[in-house]
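Shown next: data_9.txt, given as compact mmCIF, C-alpha atoms.
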```txt
# COMPACT_ATOMS: atom_id res chain seq x y z
CA MET O 140 76.97 173.50 37.47
CA THR O 141 80.52 172.71 36.40
CA ASP O 142 81.52 169.16 35.56
CA HIS O 143 83.35 167.47 38.37
CA ASP O 144 86.58 165.65 37.87
CA HIS O 145 85.56 162.02 38.35
CA ASP O 146 88.92 161.00 39.65
CA HIS O 147 88.07 158.36 42.19
CA SER O 148 91.28 158.94 44.08
CA LYS O 149 89.71 162.21 45.23
CA THR O 150 86.87 162.29 47.72
CA PHE O 151 84.07 164.57 46.54
CA GLN O 152 84.35 167.70 48.66
CA PRO O 153 81.65 170.20 47.82
CA ASP O 154 82.78 173.80 48.17
CA HIS O 155 79.52 174.43 49.92
CA PRO O 156 77.36 171.95 51.83
CA GLU O 157 74.06 171.31 50.05
CA PRO O 158 70.70 171.61 51.77
CA THR O 159 68.86 168.37 52.33
CA THR O 160 65.23 169.40 52.72
CA ASP O 161 62.51 169.67 50.08
CA ALA O 162 61.72 173.26 51.01
CA ALA O 163 65.34 174.32 50.59
CA ARG O 164 65.57 172.52 47.24
CA VAL O 165 62.44 174.35 46.06
CA GLY O 166 64.23 177.58 46.97
CA LEU O 167 67.29 176.60 44.95
CA ALA O 168 65.05 175.43 42.11
CA LEU O 169 63.39 178.83 42.09
CA ARG O 170 66.80 180.46 41.96
CA GLU O 171 67.86 178.42 38.93
CA LEU O 172 64.59 179.13 37.13
CA LEU O 173 64.87 182.86 37.75
CA ILE O 174 68.47 182.96 36.54
CA GLU O 175 67.64 180.83 33.47
CA ALA O 176 64.76 183.16 32.61
CA GLY O 177 67.10 186.13 32.87
CA HIS O 178 65.45 187.84 35.85
CA TYR O 179 68.89 188.17 37.40
CA THR O 180 72.38 186.87 36.80
CA ALA O 181 74.81 184.88 38.92
CA ASP O 182 77.07 187.94 38.87
CA GLU O 183 74.35 190.13 40.31
CA GLU O 184 73.75 187.47 42.93
CA GLN O 185 77.43 187.52 43.84
CA VAL O 186 77.41 191.31 44.23
CA VAL O 187 74.43 191.13 46.59
CA ILE O 188 75.97 188.31 48.63
CA ALA O 189 79.31 190.13 48.87
CA ALA O 190 77.55 193.28 50.10
CA MET O 191 75.64 191.31 52.74
CA GLN O 192 78.77 189.46 53.83
CA GLY O 193 80.67 192.73 53.94
CA ALA O 194 78.44 194.11 56.68
CA SER O 195 79.51 193.22 60.18
CA PRO O 196 79.23 194.51 63.75
CA GLU O 197 82.37 196.53 63.00
CA ASN O 198 80.04 199.02 61.33
CA GLY O 199 77.97 199.40 64.48
CA ALA O 200 81.16 199.58 66.54
CA LYS O 201 82.38 202.56 64.49
CA VAL O 202 79.19 204.47 65.30
CA VAL O 203 79.46 203.57 68.99
CA VAL O 204 83.08 204.73 69.24
CA ARG O 205 82.24 208.00 67.52
CA ALA O 206 79.47 208.58 70.04
CA TRP O 207 81.78 207.75 72.95
CA LYS O 208 84.44 210.20 71.79
CA ASP O 209 82.14 213.02 70.65
CA PRO O 210 79.34 213.99 73.09
CA ALA O 211 77.67 216.28 70.54
CA TYR O 212 77.53 213.42 68.02
CA LYS O 213 76.13 211.15 70.70
CA GLU O 214 73.32 213.64 71.31
CA ARG O 215 72.51 213.74 67.62
CA LEU O 216 72.64 209.95 67.44
CA LEU O 217 70.14 209.55 70.27
CA GLU O 218 67.89 212.27 68.89
CA ASN O 219 67.77 211.15 65.26
CA GLY O 220 69.59 207.89 64.60
CA GLY O 221 69.07 207.87 60.84
CA GLU O 222 70.64 211.30 60.26
CA ALA O 223 73.54 210.59 62.58
CA LEU O 224 74.12 207.29 60.77
CA ARG O 225 74.32 209.07 57.44
CA GLU O 226 76.87 211.45 58.99
CA ALA O 227 78.97 208.39 59.80
CA GLY O 228 78.63 207.11 56.23
CA PHE O 229 75.95 204.46 56.75
CA ASP O 230 72.43 204.25 55.45
CA ILE O 231 69.53 202.35 56.93
CA GLU O 232 66.87 203.66 54.52
CA PRO O 233 63.94 203.23 54.26
CA TYR O 234 63.74 202.33 57.91
CA GLU O 235 63.83 204.67 60.87
CA PHE O 236 66.79 204.07 63.07
CA THR O 237 66.77 204.52 66.83
CA VAL O 238 69.73 204.12 69.15
CA MET O 239 69.10 203.49 72.82
CA GLU O 240 71.73 204.31 75.39
CA ASN O 241 72.60 201.94 78.20
CA THR O 242 73.35 203.75 81.44
CA GLU O 243 74.13 202.82 85.00
CA HIS O 244 70.41 202.42 85.67
CA VAL O 245 69.02 201.42 82.26
CA HIS O 246 69.62 198.34 80.15
CA ASN O 247 68.13 198.02 76.65
CA VAL O 248 67.51 194.84 74.64
CA ILE O 249 66.14 194.41 71.12
CA VAL O 250 63.90 191.81 69.51
CA CYS O 251 61.54 191.39 66.58
CA THR O 252 58.83 189.08 67.90
CA LEU O 253 56.86 188.83 64.66
CA CYS O 254 59.67 187.90 62.29
CA SER O 255 63.35 188.85 62.83
CA CYS O 256 63.91 192.43 61.71
CA TYR O 257 67.49 193.42 62.41
CA PRO O 258 69.79 196.29 61.33
CA ARG O 259 71.89 194.15 59.00
CA SER O 260 73.81 196.97 57.37
CA LEU O 261 75.18 197.85 60.79
CA LEU O 262 75.48 194.45 62.42
CA GLY O 263 75.80 191.95 59.56
CA MET O 264 73.77 188.77 59.57
CA SER O 265 71.59 188.17 62.60
CA PRO O 266 72.49 185.20 64.82
CA ALA O 267 70.30 182.09 64.65
CA TRP O 268 69.12 182.61 68.24
CA TYR O 269 67.79 186.08 67.40
CA LYS O 270 65.54 184.50 64.75
CA SER O 271 64.47 181.66 67.06
CA LYS O 272 61.01 181.29 68.51
CA SER O 273 62.58 180.84 71.97
CA TYR O 274 64.24 184.24 72.00
CA ARG O 275 61.41 186.06 70.25
CA SER O 276 58.74 184.62 72.55
CA ARG O 277 60.55 184.89 75.88
CA VAL O 278 62.61 188.10 75.86
CA VAL O 279 59.48 190.29 75.86
CA ARG O 280 57.86 188.26 78.66
CA GLU O 281 60.82 187.56 80.95
CA PRO O 282 63.73 189.71 79.78
CA ARG O 283 65.71 189.49 83.02
CA LYS O 284 65.66 185.69 82.93
CA VAL O 285 66.65 185.60 79.26
CA LEU O 286 69.43 188.12 79.89
CA ALA O 287 70.71 186.00 82.77
CA GLU O 288 70.92 183.06 80.35
CA PHE O 289 73.18 185.26 78.24
CA GLY O 290 75.28 186.06 81.30
CA VAL O 291 73.76 189.48 82.00
CA ASN O 292 72.63 189.65 85.61
CA LEU O 293 70.83 192.84 86.62
CA ASN O 294 69.84 194.18 90.02
CA ASP O 295 66.56 195.92 90.70
CA ASP O 296 68.26 199.31 90.49
CA VAL O 297 68.66 198.77 86.74
CA ASP O 298 65.54 199.24 84.58
CA VAL O 299 65.12 196.86 81.65
CA LYS O 300 63.65 198.21 78.43
CA VAL O 301 62.70 195.79 75.68
CA HIS O 302 62.30 197.13 72.14
CA ASP O 303 60.13 195.09 69.78
CA SER O 304 60.90 196.02 66.19
CA THR O 305 57.31 195.56 65.05
CA ALA O 306 57.23 197.85 62.05
CA GLU O 307 59.56 200.09 60.12
CA CYS O 308 62.12 200.91 62.79
CA ARG O 309 65.47 199.35 63.38
CA TYR O 310 67.33 199.56 66.66
CA MET O 311 70.81 199.43 68.10
CA VAL O 312 72.01 199.64 71.67
CA LEU O 313 74.72 202.14 72.59
CA PRO O 314 76.67 200.22 75.26
CA GLN O 315 78.30 202.00 78.18
CA ARG O 316 81.91 202.94 77.64
CA PRO O 317 84.03 200.95 80.12
CA ALA O 318 85.87 202.89 82.81
CA GLY O 319 89.59 203.49 82.40
CA THR O 320 89.48 203.82 78.58
CA ASP O 321 89.79 207.60 78.35
CA ASP O 322 93.06 207.52 76.46
CA TRP O 323 92.28 204.52 74.25
CA SER O 324 92.44 204.86 70.48
CA GLU O 325 89.40 204.42 68.23
CA GLY O 326 90.69 201.05 67.11
CA GLU O 327 91.18 199.82 70.66
CA LEU O 328 87.72 201.01 71.67
CA ALA O 329 86.09 199.45 68.61
CA GLY O 330 87.70 196.14 69.54
CA LEU O 331 85.63 196.15 72.75
CA VAL O 332 82.25 196.44 71.03
CA THR O 333 80.59 193.11 70.27
CA ARG O 334 77.53 192.20 68.23
CA ASP O 335 75.70 191.03 71.34
CA SER O 336 76.36 194.32 73.14
CA LEU O 337 74.66 196.12 70.22
CA ILE O 338 71.60 193.85 70.49
CA GLY O 339 71.53 194.05 74.28
CA THR O 340 72.33 190.47 75.25
CA GLN O 341 75.67 191.65 76.58
CA ARG O 342 76.12 194.59 78.94
CA ASP O 343 79.72 194.79 80.16
CA LEU O 344 82.38 195.17 77.51
CA GLN O 345 85.28 194.34 79.80
CA MET A 233 46.01 189.27 75.94
CA SER A 234 44.56 188.34 72.56
CA GLU A 235 44.99 184.94 70.98
CA PRO A 236 47.98 184.68 68.64
CA TRP A 237 46.76 185.24 65.10
CA GLY A 238 49.40 183.21 63.33
CA PRO A 239 52.35 180.91 63.97
CA HIS A 240 54.71 183.88 63.88
CA ASP A 241 52.89 185.84 66.61
CA VAL A 242 55.00 184.38 69.40
CA GLY A 243 55.67 187.25 71.81
CA GLY A 244 54.87 186.15 75.36
CA GLN A 245 54.80 182.41 74.73
CA ASP A 246 57.23 180.02 76.34
CA GLY A 247 59.52 179.05 73.52
CA GLY A 248 61.85 177.01 75.69
CA PRO A 249 65.64 177.21 76.12
CA ILE A 250 67.56 179.43 73.73
CA ASP A 251 70.30 177.75 71.73
CA VAL A 252 73.01 180.37 71.58
CA SER A 253 75.43 178.37 69.44
CA ASP A 254 76.65 180.11 66.32
CA HIS A 255 75.51 178.21 63.27
CA GLY A 256 76.89 180.56 60.66
CA THR A 257 75.05 180.96 57.39
CA ALA A 258 75.28 178.30 54.67
CA HIS A 259 76.03 179.33 51.10
CA TRP A 260 72.58 178.22 49.92
CA GLU A 261 71.05 180.46 52.61
CA TRP A 262 72.95 183.48 51.32
CA GLN A 263 71.63 182.55 47.86
CA ILE A 264 68.03 182.49 49.13
CA ASP A 265 68.56 185.82 50.85
CA ALA A 266 70.06 187.35 47.69
CA MET A 267 67.21 185.94 45.62
CA VAL A 268 64.59 187.61 47.82
CA ARG A 269 66.42 190.95 47.60
CA LEU A 270 66.83 190.67 43.84
CA ALA A 271 63.17 189.69 43.39
CA LEU A 272 62.30 192.91 45.17
CA LYS A 273 64.86 194.97 43.24
CA LYS A 274 63.71 193.60 39.89
CA GLY A 275 60.06 194.24 40.70
CA LEU A 276 59.03 190.56 40.77
CA ILE A 277 57.47 191.32 44.13
CA THR A 278 56.52 194.75 45.38
CA ASP A 279 57.40 194.54 49.06
CA PHE A 280 58.62 192.25 51.82
CA ALA A 281 55.08 192.52 53.18
CA GLU A 282 53.96 190.07 50.48
CA LEU A 283 56.39 187.48 51.76
CA ARG A 284 55.64 188.05 55.43
CA ASP A 285 51.97 187.58 54.60
CA GLY A 286 52.83 184.23 52.98
CA ILE A 287 54.87 183.14 55.99
CA GLU A 288 52.11 184.10 58.39
CA ARG A 289 49.64 181.93 56.50
CA LEU A 290 51.73 178.80 57.10
CA THR A 291 50.14 176.21 59.33
CA PRO A 292 51.69 176.08 62.79
CA ASP A 293 53.21 172.68 61.94
CA ASP A 294 54.83 173.92 58.74
CA TYR A 295 56.12 177.01 60.53
CA GLU A 296 57.60 175.03 63.42
CA ASN A 297 59.17 172.40 61.20
CA SER A 298 60.89 174.72 58.78
CA THR A 299 63.93 176.92 59.15
CA TYR A 300 64.06 180.66 58.65
CA TYR A 301 65.40 180.43 55.08
CA GLU A 302 63.09 177.60 54.12
CA ARG A 303 60.15 179.79 55.09
CA TRP A 304 61.38 182.71 53.00
CA ALA A 305 62.08 180.41 50.04
CA SER A 306 58.57 178.91 50.29
CA ALA A 307 56.96 182.32 50.62
CA LEU A 308 58.79 183.67 47.58
CA ALA A 309 58.00 180.56 45.54
CA TYR A 310 54.32 180.90 46.46
CA ALA A 311 54.27 184.60 45.57
CA LEU A 312 55.99 184.10 42.20
CA VAL A 313 53.80 181.14 41.22
CA GLU A 314 50.76 183.24 42.10
CA ARG A 315 52.06 186.08 39.97
CA GLY A 316 52.80 183.75 37.06
CA VAL A 317 56.53 184.43 37.08
CA VAL A 318 57.26 180.70 37.35
CA SER A 319 54.98 177.69 37.10
CA GLU A 320 54.50 175.23 39.92
CA GLN A 321 55.27 172.40 37.49
CA SER A 322 58.66 173.77 36.51
CA LEU A 323 59.53 174.33 40.18
CA VAL A 324 58.70 170.76 41.09
CA GLU A 325 60.67 169.40 38.12
CA LYS A 326 63.68 171.58 38.86
CA ALA A 327 63.68 170.71 42.58
CA GLU A 328 63.64 167.02 41.64
CA ALA A 329 66.54 167.53 39.22
CA ILE A 330 68.50 169.17 42.03
CA ARG A 331 67.74 166.27 44.36
CA VAL A 332 68.94 163.76 41.76
CA ARG A 333 72.07 165.81 41.11
CA GLN A 334 72.86 165.96 44.83
CA GLN A 335 72.42 162.21 45.15
CA SER A 336 74.76 161.43 42.27
CA GLU A 337 77.38 163.88 43.51
CA ALA A 338 77.27 162.39 46.99
CA ALA A 339 77.78 158.95 45.51
CA THR A 340 80.92 159.96 43.59
CA MET G 208 52.93 216.76 55.60
CA ASN G 209 50.34 214.85 57.62
CA THR G 210 49.79 216.20 61.11
CA PRO G 211 50.32 213.51 63.72
CA ARG G 212 47.12 212.76 65.62
CA PHE G 213 49.03 211.93 68.83
CA SER G 214 51.91 213.59 70.62
CA THR G 215 54.76 212.48 72.84
CA GLY G 216 53.60 211.70 76.36
CA GLN G 217 49.99 211.11 75.37
CA ARG G 218 48.21 208.03 76.71
CA VAL G 219 46.86 205.78 74.00
CA ARG G 220 45.02 202.48 73.71
CA ILE G 221 46.02 199.91 71.12
CA ALA G 222 43.00 198.42 69.35
CA ASP G 223 42.08 194.81 69.89
CA ARG G 224 41.13 193.44 66.49
CA THR G 225 42.35 190.80 64.08
CA PRO G 226 42.11 191.77 60.42
CA PRO G 227 42.43 188.78 58.07
CA VAL G 228 45.60 190.13 56.50
CA HIS G 229 49.22 190.67 57.44
CA HIS G 230 49.32 193.22 60.25
CA ARG G 231 52.14 194.36 62.50
CA VAL G 232 50.54 194.32 65.95
CA PRO G 233 51.52 191.43 68.21
CA SER G 234 48.64 189.85 70.12
CA TYR G 235 50.30 190.64 73.46
CA ALA G 236 49.92 194.37 72.73
CA LYS G 237 46.31 194.39 71.55
CA GLY G 238 43.97 196.22 73.89
CA GLN G 239 46.87 197.59 75.96
CA VAL G 240 47.26 201.16 77.14
CA GLY G 241 50.61 202.88 76.77
CA VAL G 242 52.25 206.25 76.33
CA ILE G 243 53.61 207.76 73.12
CA GLU G 244 57.38 207.71 73.55
CA ARG G 245 58.22 209.07 70.11
CA VAL G 246 56.37 210.31 67.04
CA CYS G 247 57.99 208.59 64.06
CA GLY G 248 57.70 209.26 60.36
CA MET G 249 55.24 208.26 57.65
CA HIS G 250 55.71 204.71 56.40
CA GLY G 251 53.95 202.31 54.07
CA GLU G 252 51.47 200.35 56.20
CA PRO G 253 51.65 196.71 55.14
CA GLU G 254 48.11 196.05 56.30
CA LYS G 255 46.70 198.48 53.77
CA PHE G 256 48.81 197.01 51.03
CA ILE G 257 46.97 196.51 47.81
CA ARG G 258 49.10 194.29 45.64
CA GLY G 259 50.75 196.22 42.88
CA ASN G 260 49.55 199.58 44.16
CA GLY G 261 52.15 200.12 46.84
CA MET G 262 51.37 200.82 50.45
CA PRO G 263 49.60 203.98 51.57
CA ALA G 264 51.69 205.77 54.17
CA GLN G 265 50.58 206.08 57.76
CA ARG G 266 52.05 207.82 60.78
CA LEU G 267 54.07 205.49 62.97
CA TYR G 268 54.54 205.89 66.73
CA ARG G 269 56.66 204.25 69.41
CA VAL G 270 54.43 203.29 72.32
CA LYS G 271 55.78 202.50 75.78
CA ILE G 272 53.94 200.03 78.02
CA PRO G 273 54.89 199.02 81.58
CA GLN G 274 55.81 195.33 81.68
CA THR G 275 53.72 194.84 84.83
CA ASP G 276 50.65 195.83 82.76
CA LEU G 277 51.45 193.34 80.01
CA TRP G 278 52.14 190.17 81.97
CA ASP G 279 50.78 188.38 84.99
CA SER G 280 53.47 187.81 87.63
CA TYR G 281 56.10 189.74 85.65
CA ASP G 282 59.53 188.93 87.01
CA GLY G 283 61.11 192.37 87.18
CA THR G 284 60.49 195.87 88.51
CA GLU G 285 57.61 198.31 88.00
CA ARG G 286 59.95 200.52 86.01
CA ASP G 287 60.70 197.89 83.36
CA ASP G 288 58.94 198.62 80.12
CA LEU G 289 58.47 197.50 76.56
CA GLU G 290 58.41 199.75 73.52
CA ILE G 291 56.80 198.83 70.20
CA GLU G 292 55.96 200.59 66.96
CA ILE G 293 52.29 201.03 66.14
CA PHE G 294 50.62 202.68 63.14
CA GLU G 295 48.22 205.53 63.83
CA HIS G 296 45.08 203.72 62.74
CA TRP G 297 45.55 201.23 65.57
CA LEU G 298 45.55 203.92 68.29
CA GLU G 299 42.85 205.76 70.20
CA PRO G 300 43.25 208.30 72.99
CA ALA G 301 43.10 206.76 76.48
CA GLU G 302 42.39 208.31 79.85
```
Mind turning the file's structure into structure tokens?
Amino acid sequence: MTDHDHDHSKTFQPDHPEPTTDAARVGLALRELLIEAGHYTADEEQVVIAAMQGASPENGAKVVVRAWKDPAYKERLLENGGEALREAGFDIEPYEFTVMENTEHVHNVIVCTLCSCYPRSLLGMSPAWYKSKSYRSRVVREPRKVLAEFGVNLNDDVDVKVHDSTAECRYMVLPQRPAGTDDWSEGELAGLVTRDSLIGTQRDLQ
Amino acid sequence: MSEPWGPHDVGGQDGGPIDVSDHGTAHWEWQIDAMVRLALKKGLITDFAELRDGIERLTPDDYENSTYYERWASALAYALVERGVVSEQSLVEKAEAIRVRQQSEAAT
Amino acid sequence: MNTPRFSTGQRVRIADRTPPVHHRVPSYAKGQVGVIERVCGMHGEPEKFIRGNGMPAQRLYRVKIPQTDLWDSYDGTERDDLEIEIFEHWLEPAE
């Protein structure tokens, strides 16, 4: 830790808020011990954090837009998500990757009930609600009610498919392309795709 | 339907209202996340399965009363103490030093 | 290459057991009957993990189960379903 300037005219403003629980402090203690013992360096830590922070739903959006614009790619994506991802320059190894297409009569939603598995390289960090017991417990049991709480209201002519990421697979939803966007650019289309639409807690992009 | 076999086996229960607010991720949480990945990369643990096993063995109270990153931190600490990579004593001492440091910084 | 024991469209039953180690089958799915939706690849099965020796690979499957089979008074249609991933050693053929 660097020495702080003890100038009392300045209020101490930590760059980063510190955790206040014992369990969190044990985690940070472990970190310091591992770095002190040379198991990894602060630089290596920074590289890992930057890579994690660099991933965002923009990655998933790129894949979605490619599928919208190229029907043959879309077929490959739905058939073998992992290979199609690699085509687009992303890698989800060692997991299997499956993309599910939303249609007029099908809506897909993703969960990991046992822990919180999530395709982070494509979507960035998972939202707190995705990791919560409330979401994990209820979306398998009463998906339509949970979706309504997210603002997605579905009639009986739409089938709801819930995907529980119980093992080595990771999932992403391919949202429906909104009508009237035939002549939109890739950038404009990508701007429509949200994180929640890739998880399935959003259906309409416009 | 079988009985849940651990505090993490929550599918089908009534977990109550979902808080959809966006908390963001604190810097210390990114550090815990990076530490878990680096522990795996450096061979200190062999697989995430070891950590999930640790988390699943938490008592329901401990599971409910801890956050996602606290659980991962605890699970990794448990695994590395078990493997002899760090000692429990040094962890306790270091955590206390951090607590003291935080207190004195807050008082400045 | 290990030959998959089950094929797409086949009806299967998920075992109802609770081994005393980390396993990736939620209690809500144990004992349920579903249909193989997709034959996945070979993956390390965490349950058979022997510390330090890696995880022996097992065939993974996606199994589709109607929601009305899983839950009493399910609030949705008969066509709603749930898909989960199950390792081969948890599955048996079902009628």
message: Can you pull out the residues contacting region 243-248 of chain G? Cut-off 7 Å, using all atoms listed in the file, and skip same-chain residues under 3 positions away; I want them as a list in words.
response: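 Once the nearby chain positions are removed, what remains is Ser214, Thr215, Gly216, Gln217, Arg218, Arg266, Leu267, Tyr268, Arg269, Val270 and Lys271 of chain G.
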Hey, could you pull the box centre and edge lengths for region 169-186 of chain O, axis-aligned, 3 Å padding per side, all listed atoms, to one decimal in Å, as AutoDock Vina command-line options?
```
--center_x 70.4 --center_y 184.9 --center_z 38.4 --size_x 20.0 --size_y 18.9 --size_z 17.6
```
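Reported to one decimal place, the separation of CA of Pro263 (chain G) from CA of Gly251 (chain G) is 5.3 Å.
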- prompt: So, counting only C-alpha atoms, which residue among G:Gly238, G:Pro227, G:Pro211, G:Pro253 is closest to chain O?
  reply: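 That would be G:Pro253, the residue with the smallest distance to chain O.
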- request: With a cut-off of 7 Å and counting only C-alpha atoms, select all residues of chain O in contact with chain A and give the selection as JSON, numbers by chain.
  value: {"O": [151, 155, 162, 163, 164, 165, 166, 168, 169, 170, 184, 187, 188, 252, 253, 254, 266, 267, 268, 272, 273, 274, 275, 276, 277, 279, 280]}
Determine, using only C-alpha atoms, which residues of chain A have any atom at most 9 Å from an atom of chain G, and tabulate each with its shortest atom pair and distance in Å to one decimal place, rows ordered by chain and then rising number, as a tab-separated table.
```
residue	atom	partner	partner_atom	distance
A:Met233	CA	G:Tyr235	CA	5.1
A:Ser234	CA	G:Ser234	CA	5.0
A:Glu235	CA	G:Ser234	CA	6.2
A:Pro236	CA	G:Ser234	CA	5.4
A:Trp237	CA	G:Ser234	CA	7.1
A:Asp241	CA	G:Pro233	CA	6.0
A:Val242	CA	G:Pro233	CA	8.0
A:Gly243	CA	G:Tyr235	CA	6.6
A:Gly244	CA	G:Tyr235	CA	6.7
A:Ile277	CA	G:Gly259	CA	8.4
A:Thr278	CA	G:Gly259	CA	6.5
A:Asp279	CA	G:Gly261	CA	8.0
A:Phe280	CA	G:Pro253	CA	8.9
A:Ala281	CA	G:Pro253	CA	5.8
A:Glu282	CA	G:Arg258	CA	8.1
A:Arg284	CA	G:His229	CA	7.2
A:Asp285	CA	G:His229	CA	5.0
A:Gly286	CA	G:His229	CA	8.6
A:Glu288	CA	G:His229	CA	7.2
A:Arg289	CA	G:His229	CA	8.8
```
Atom pair CA of Gln315 (chain O) / CA of Arg286 (chain G): separation (Å): 20.0 Å
- request: For Val245 (chain O), list every protein, DNA or RNA residue within 10 Å, evaluated using all atoms listed in the file, and leave out those in the same chain fewer than 4 positions away; present the list as a list of chain:residue names.
  value: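 So, after excluding close chain neighbours, the residues are O:Met239, O:Glu240, O:Asn241, O:Leu293, O:Asp296, O:Val297, O:Asp298, O:Val299, O:Lys300, G:Arg286, G:Asp287.
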Give me a file of those residues, with C-alpha atoms, as a CSV table (one decimal), keeping the file's coordinate frame.
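See out-v5.csv below for the written result:
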```csv
chain,number,residue,atom,x,y,z
O,239,MET,CA,69.1,203.5,72.8
O,240,GLU,CA,71.7,204.3,75.4
O,241,ASN,CA,72.6,201.9,78.2
O,293,LEU,CA,70.8,192.8,86.6
O,296,ASP,CA,68.3,199.3,90.5
O,297,VAL,CA,68.7,198.8,86.7
O,298,ASP,CA,65.5,199.2,84.6
O,299,VAL,CA,65.1,196.9,81.6
O,300,LYS,CA,63.6,198.2,78.4
G,286,ARG,CA,60.0,200.5,86.0
G,287,ASP,CA,60.7,197.9,83.4
```
message: Could you check which residues have any atom within 6 Å of (73.0, 195.2, 72.8), counting all atoms listed in the file with coordinates taken straight from the file, and then list them as a ChimeraX atom specification?
response: /O:248,312,335-341
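Counting only C-alpha atoms, the residue from O:Asn247, O:Ser304, O:Thr159, O:Asn292 that sits nearest to chain G is O:Ser304.
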task: Would you work out the distance separating CA of Ser265 (chain O) from CA of Phe294 (chain G), expressed in Å to one decimal?
output: 25.5 Å
query: When distances are computed from only C-alpha atoms, which of G:Ala301, G:Glu295, G:Leu289, G:Ile272 shows the smallest separation from chain O?
result: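 The closest residue to chain O is G:Leu289.
You can rank O:Arg259, O:Arg334, O:Arg342, O:His302 by their closest distance to chain G using only C-alpha atoms, and at the top of that list sits O:His302.
Comparing the minimum interatomic distances between chain G and each of O:Glu157, O:Glu232, O:Asp182, O:Asp321, counting all atoms listed in the file, we find that O:Glu232 sits nearest.
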query: Val219 (chain G): which residues within 8 Å, counting only C-alpha atoms, same-chain residues fewer than 2 positions away excluded, as number ranges by chain?
result: G: 217, 221, 240-243, 298-302
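Of the residues under consideration (O:Val291, O:Ala306, O:Cys256, O:Leu286), O:Ala306 shows the shortest atom-to-atom contact distance to chain G when counting only C-alpha atoms.
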- request: Write out as a PyMOL selection string which residues come within 9 Å of Cys308 (chain O) when counting all atoms listed in the file, dropping same-chain ones fewer than 6 positions away.
  value: (chain O and resi 234-237+256) or (chain G and resi 247+292)
